[in-house]
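Participant: Please read through the structure below; I'll follow up with questions.
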Amino acid sequence: MVNVTFLNPFIEAVKDVVKAELGIEVTRGPLSLQKSALTADEVTVILSMVGEIQGVVLFGLSTQTALIMVEKMIGQKFTTFDNLAQSGIAELGNVITGRASINYSKAGYQTNISPPTLIVGKGIQISTLDFSRIVVPMATNMGELVVNLALREATPGTEAPIPLAIGNK
Amino acid sequence: MNVNFLNPFLDAANEVLKQETRLDFIRGGLSLDKSHYISDDVTVILAIVGMVSGNVFYSMDQATALNLASRMMYEPFEEFNSLAQSGIAELGNVITGKASVKLSQSGYEATISPPTLIQGKGATINTLDYPRIIVPLVAENASVVIHLALKETAGSRLNAAAIPVPDRPNI
C-alpha cells in the first residue's frame, strides 16, 4: 500500500535541489499511480532506498533537457550526452534523492540510498514489480523531469538499522 | 574490487540457481568492464547499501528467462508475462539476499534493495564510477551474466548526499 506521506518530502527535495543546482523553479503536474511497467524516457536515473522507507526512485527526462541541465550545472556546453554529462545527471538524481532521505529523517524515518545507475534507452520497459509507482511530472523551463516513486514503509524487521557515525539525530 | 565481495556472490548464485532451477551452471572466466553495459533482453537490478555499496545486475536473453521461469515454477511459459517476470526478479532477489547474508558473515554488513526488472535489448546502462566484474554462468539452454558494480564503503556508510549539510553561518 503506497503511503502518500512520502510524496511531499520528495517533492520538496526536487524543488530545493533544482533551485540550488539549476537556479530554476519547478511546477508539479497532476499525479498518477501506476502498477504497470514504466516505458523509459531517453534518459533514466535509478536510485534505490533502503531502511525504514524502501524501494526505487526513477527520474525520467529527454536527452535535450539533460544536456541543458548539465550545461547549467557544470558550466560548459555539451553537444552529446557523453560520460561527463551522464555523470552530471546521475549526480543530480543522487543529490535530490539524498535530500529526500534527509527530509524523511526529519520526519522520523531513517533511510539510506544506493549509488545511482543511469540508463540511456528510450522505450525500454522498467518494472518495479509489486511496488506501485507514484508518477510526479515536474515541469521546468529546461523541460520536464518525471519523478517515479516506488516506495513503501518497511515492515518491522525488514528495515536495516542505519549506523549513524555522523550525528544527525 | 575486493575478492572478499566476489565469493559470497559466486557461492550464493551457485546454491540458489541449483536449488531453484535444478540446472548445473558452469562459471566462465571473470572480467572487469569499465565501459557501459549494453542491456540484454532481460536485466534484474538490485542495489546494495552498507559496508559494501553499489549495484548488481543479472542479465539474460528472453529464451533463458522463459526457461528459468518455467523451471522455477514448474509451468511452461510461452511469453514473458508478469508472473514469469516476478519469478526472474525473485531469483535475482534471492541470490543477492543470500550473498548479503554471506557478506555479513564475512564482516560486511549490507542491506539490499527491492529488485527492478528491465526489458529491452540495447539500452546503455551506466554504473558511473563503479566498474563491473562480469561473471558468466552457462547451463543447458540457459546463459546468465552477473554484473557486480560494488565498492567497499568506508566511514559513515551513508551516501554523502544523505548527510545533512549545516546551514551557512551568518558571519
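Just remember, in the C-alpha cells the first chain shown is A, the second B, etc., residues are 1-based per chain, and ligands are 1-based in the order shown.
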Set the cut-off to 7 Å and count only C-alpha atoms: what are the residues of chain B that reach chain A? Output as an mmCIF file with N, CA and C atoms, in the first residue's frame.
Facilitator:
data_model
loop_
_atom_site.group_PDB
_atom_site.id
_atom_site.type_symbol
_atom_site.label_atom_id
_atom_site.label_comp_id
_atom_site.auth_asym_id
_atom_site.auth_seq_id
_atom_site.Cartn_x
_atom_site.Cartn_y
_atom_site.Cartn_z
ATOM 1 N N ALA B 47 20.178 -3.056 -5.729
ATOM 2 C CA ALA B 47 21.223 -2.227 -5.145
ATOM 3 C C ALA B 47 21.593 -2.789 -3.780
ATOM 4 N N ILE B 48 22.826 -2.526 -3.394
ATOM 5 C CA ILE B 48 23.304 -2.927 -2.069
ATOM 6 C C ILE B 48 23.816 -1.686 -1.374
ATOM 7 N N VAL B 49 23.460 -1.528 -0.117
ATOM 8 C CA VAL B 49 23.856 -0.334 0.627
ATOM 9 C C VAL B 49 24.392 -0.770 1.976
ATOM 10 N N SER B 53 28.745 -1.192 -1.151
ATOM 11 C CA SER B 53 27.642 -0.488 -1.828
ATOM 12 C C SER B 53 27.792 -0.559 -3.323
ATOM 13 N N GLY B 54 26.656 -0.449 -4.005
ATOM 14 C CA GLY B 54 26.689 -0.445 -5.459
ATOM 15 C C GLY B 54 25.477 -1.157 -6.016
ATOM 16 N N SER B 86 8.076 -11.777 -12.446
ATOM 17 C CA SER B 86 8.257 -11.745 -10.985
ATOM 18 C C SER B 86 9.143 -12.900 -10.542
ATOM 19 N N THR B 111 22.574 -3.989 3.251
ATOM 20 C CA THR B 111 21.145 -4.218 3.013
ATOM 21 C C THR B 111 20.890 -4.184 1.528
ATOM 22 N N SER B 113 18.262 -3.700 -1.822
ATOM 23 C CA SER B 113 17.034 -3.003 -2.210
ATOM 24 C C SER B 113 16.069 -4.009 -2.816
ATOM 25 N N PRO B 114 14.792 -3.600 -3.010
ATOM 26 C CA PRO B 114 13.900 -4.447 -3.812
ATOM 27 C C PRO B 114 14.397 -4.491 -5.253
ATOM 28 N N PRO B 115 14.010 -5.529 -6.021
ATOM 29 C CA PRO B 115 14.514 -5.625 -7.397
ATOM 30 C C PRO B 115 13.734 -4.753 -8.373
ATOM 31 N N THR B 116 14.424 -4.365 -9.433
ATOM 32 C CA THR B 116 13.811 -3.672 -10.571
ATOM 33 C C THR B 116 14.085 -4.529 -11.793
ATOM 34 N N LEU B 117 13.122 -4.674 -12.669
ATOM 35 C CA LEU B 117 13.309 -5.504 -13.862
ATOM 36 C C LEU B 117 13.276 -4.636 -15.104
ATOM 37 N N ILE B 118 14.291 -4.790 -15.936
ATOM 38 C CA ILE B 118 14.365 -4.025 -17.180
ATOM 39 C C ILE B 118 14.250 -4.961 -18.360
ATOM 40 N N GLN B 119 13.351 -4.603 -19.288
ATOM 41 C CA GLN B 119 13.219 -5.394 -20.508
ATOM 42 C C GLN B 119 13.520 -4.516 -21.683
ATOM 43 N N GLY B 120 14.426 -4.972 -22.536
ATOM 44 C CA GLY B 120 14.736 -4.183 -23.712
ATOM 45 C C GLY B 120 16.210 -4.269 -23.989
ATOM 46 N N ALA B 123 19.887 -1.047 -24.586
ATOM 47 C CA ALA B 123 19.963 0.219 -23.847
ATOM 48 C C ALA B 123 21.347 0.333 -23.215
ATOM 49 N N THR B 124 21.784 1.567 -22.999
ATOM 50 C CA THR B 124 23.072 1.803 -22.346
ATOM 51 C C THR B 124 22.822 1.936 -20.860
ATOM 52 N N ILE B 125 23.488 1.114 -20.073
ATOM 53 C CA ILE B 125 23.314 1.191 -18.622
ATOM 54 C C ILE B 125 24.665 1.545 -18.018
ATOM 55 N N ASN B 126 24.712 2.690 -17.388
ATOM 56 C CA ASN B 126 25.972 3.269 -16.925
ATOM 57 C C ASN B 126 26.047 3.188 -15.404
ATOM 58 N N THR B 127 27.079 2.496 -14.902
ATOM 59 C CA THR B 127 27.261 2.419 -13.448
ATOM 60 C C THR B 127 28.312 3.430 -12.988
ATOM 61 N N LEU B 128 28.576 4.419 -13.838
ATOM 62 C CA LEU B 128 29.404 5.581 -13.475
ATOM 63 C C LEU B 128 30.772 5.165 -12.952
ATOM 64 N N SER B 156 31.161 6.634 7.281
ATOM 65 C CA SER B 156 29.837 6.660 7.883
ATOM 66 C C SER B 156 28.860 5.699 7.246
ATOM 67 N N LEU B 158 26.917 6.185 5.057
ATOM 68 C CA LEU B 158 25.772 6.874 4.466
ATOM 69 C C LEU B 158 26.209 7.417 3.117
ATOM 70 N N ASN B 159 25.329 7.391 2.140
ATOM 71 C CA ASN B 159 25.609 8.079 0.882
ATOM 72 C C ASN B 159 25.812 9.555 1.212
ATOM 73 N N ALA B 161 25.221 12.170 -0.204
ATOM 74 C CA ALA B 161 24.083 13.056 -0.477
ATOM 75 C C ALA B 161 23.052 12.992 0.635
ATOM 76 N N ALA B 162 23.099 11.949 1.451
ATOM 77 C CA ALA B 162 22.103 11.773 2.508
ATOM 78 C C ALA B 162 22.570 12.333 3.840
ATOM 79 N N ILE B 163 23.753 12.954 3.843
ATOM 80 C CA ILE B 163 24.236 13.547 5.091
ATOM 81 C C ILE B 163 23.823 15.005 5.102
ATOM 82 N N PRO B 164 23.126 15.432 6.143
ATOM 83 C CA PRO B 164 22.654 16.822 6.137
ATOM 84 C C PRO B 164 23.828 17.795 6.230
#
Participant: What's the 10 Å shell around Leu7 (chain A), counting only C-alpha atoms, without same-chain residues fewer than 3 positions away, as a ChimeraX atom specification?
Facilitator: /A:2-4,10-13,100,134,136,149,151
Participant: Rounded to one decimal place, report the CA of Val18 (chain A)-CA of Met73 (chain A) distance in Å.
Facilitator: 10.0 Å
Participant: In terms of the shortest atom-to-atom distance over only C-alpha atoms, which of B:Ser106, B:Val101, B:Ile134, B:Pro169 is closest to Arg27 (chain B)?
Facilitator: B:Ile134
Participant: DSSP on the backbone, then: every residue of chain A marked alpha helix (DSSP H), written as an MDAnalysis selection string.
Facilitator: chainID A and resid 7:22 63:74 83:106
Participant: Show which residues sit within 8 Å of Phe57 (chain B), as a list of chain:residue names. Count only C-alpha atoms, and ignore same-chain residues fewer than 6 positions away.
Facilitator: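 Using only C-alpha atoms, the neighbours found are B:Thr43, B:Val44, B:Ile45, B:Leu46, B:Val145, B:Ile146, B:His147, B:Leu148.
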Participant: The selected residues should be written to file as a PDB file, in the first residue's frame (atoms: C-alpha atoms).
Facilitator:
ATOM      1  CA  THR B  43      18.067  -7.448 -16.698  1.00  0.00           C
ATOM      2  CA  VAL B  44      17.270  -7.558 -12.975  1.00  0.00           C
ATOM      3  CA  ILE B  45      18.826  -4.737 -10.977  1.00  0.00           C
ATOM      4  CA  LEU B  46      19.340  -4.743  -7.215  1.00  0.00           C
ATOM      5  CA  VAL B 145      25.628 -12.962 -16.609  1.00  0.00           C
ATOM      6  CA  ILE B 146      26.050 -11.469 -13.145  1.00  0.00           C
ATOM      7  CA  HIS B 147      27.460  -7.924 -13.106  1.00  0.00           C
ATOM      8  CA  LEU B 148      28.917  -6.700  -9.809  1.00  0.00           C
TER       9      LEU B 148
END
Participant: Rounded to one decimal, what separation in Å do you get between CA of Ile68 (chain A) and CA of Arg168 (chain B)?
Facilitator: 28.4 Å
Participant: Please identify all polymer residues within 10 Å of Asn7 (chain B), counting only C-alpha atoms, omitting same-chain residues fewer than 5 positions from it, and present them as a count of residues only.
Facilitator: 6
Participant: Nearest to Gly28 (chain B): which of B:Leu10, B:Val52, B:Val94, B:Ser82 is it, counting only C-alpha atoms?
Facilitator: B:Leu10
Participant: List as an MDAnalysis selection string the protein and nucleic acid residues near region 28-30 of chain A, meaning an atom at most 8 Å away when only C-alpha atoms are counted, but skip any in the same chain fewer than 2 places from it.
Facilitator: chainID A and resid 26 32 136:139
Participant: Keeping C-alpha atoms, export the residues of the selection given above as a compact mmCIF listing (two decimals), in the first residue's frame.
Facilitator:
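New file again27.txt:
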# COMPACT_ATOMS: atom_id res chain seq x y z
CA VAL A 26 9.73 23.50 -10.67
CA SER A 32 -0.96 9.33 -11.03
CA VAL A 136 5.06 13.04 -10.48
CA PRO A 137 5.63 15.14 -13.60
CA MET A 138 7.74 18.20 -12.73
CA ALA A 139 7.80 21.00 -15.28
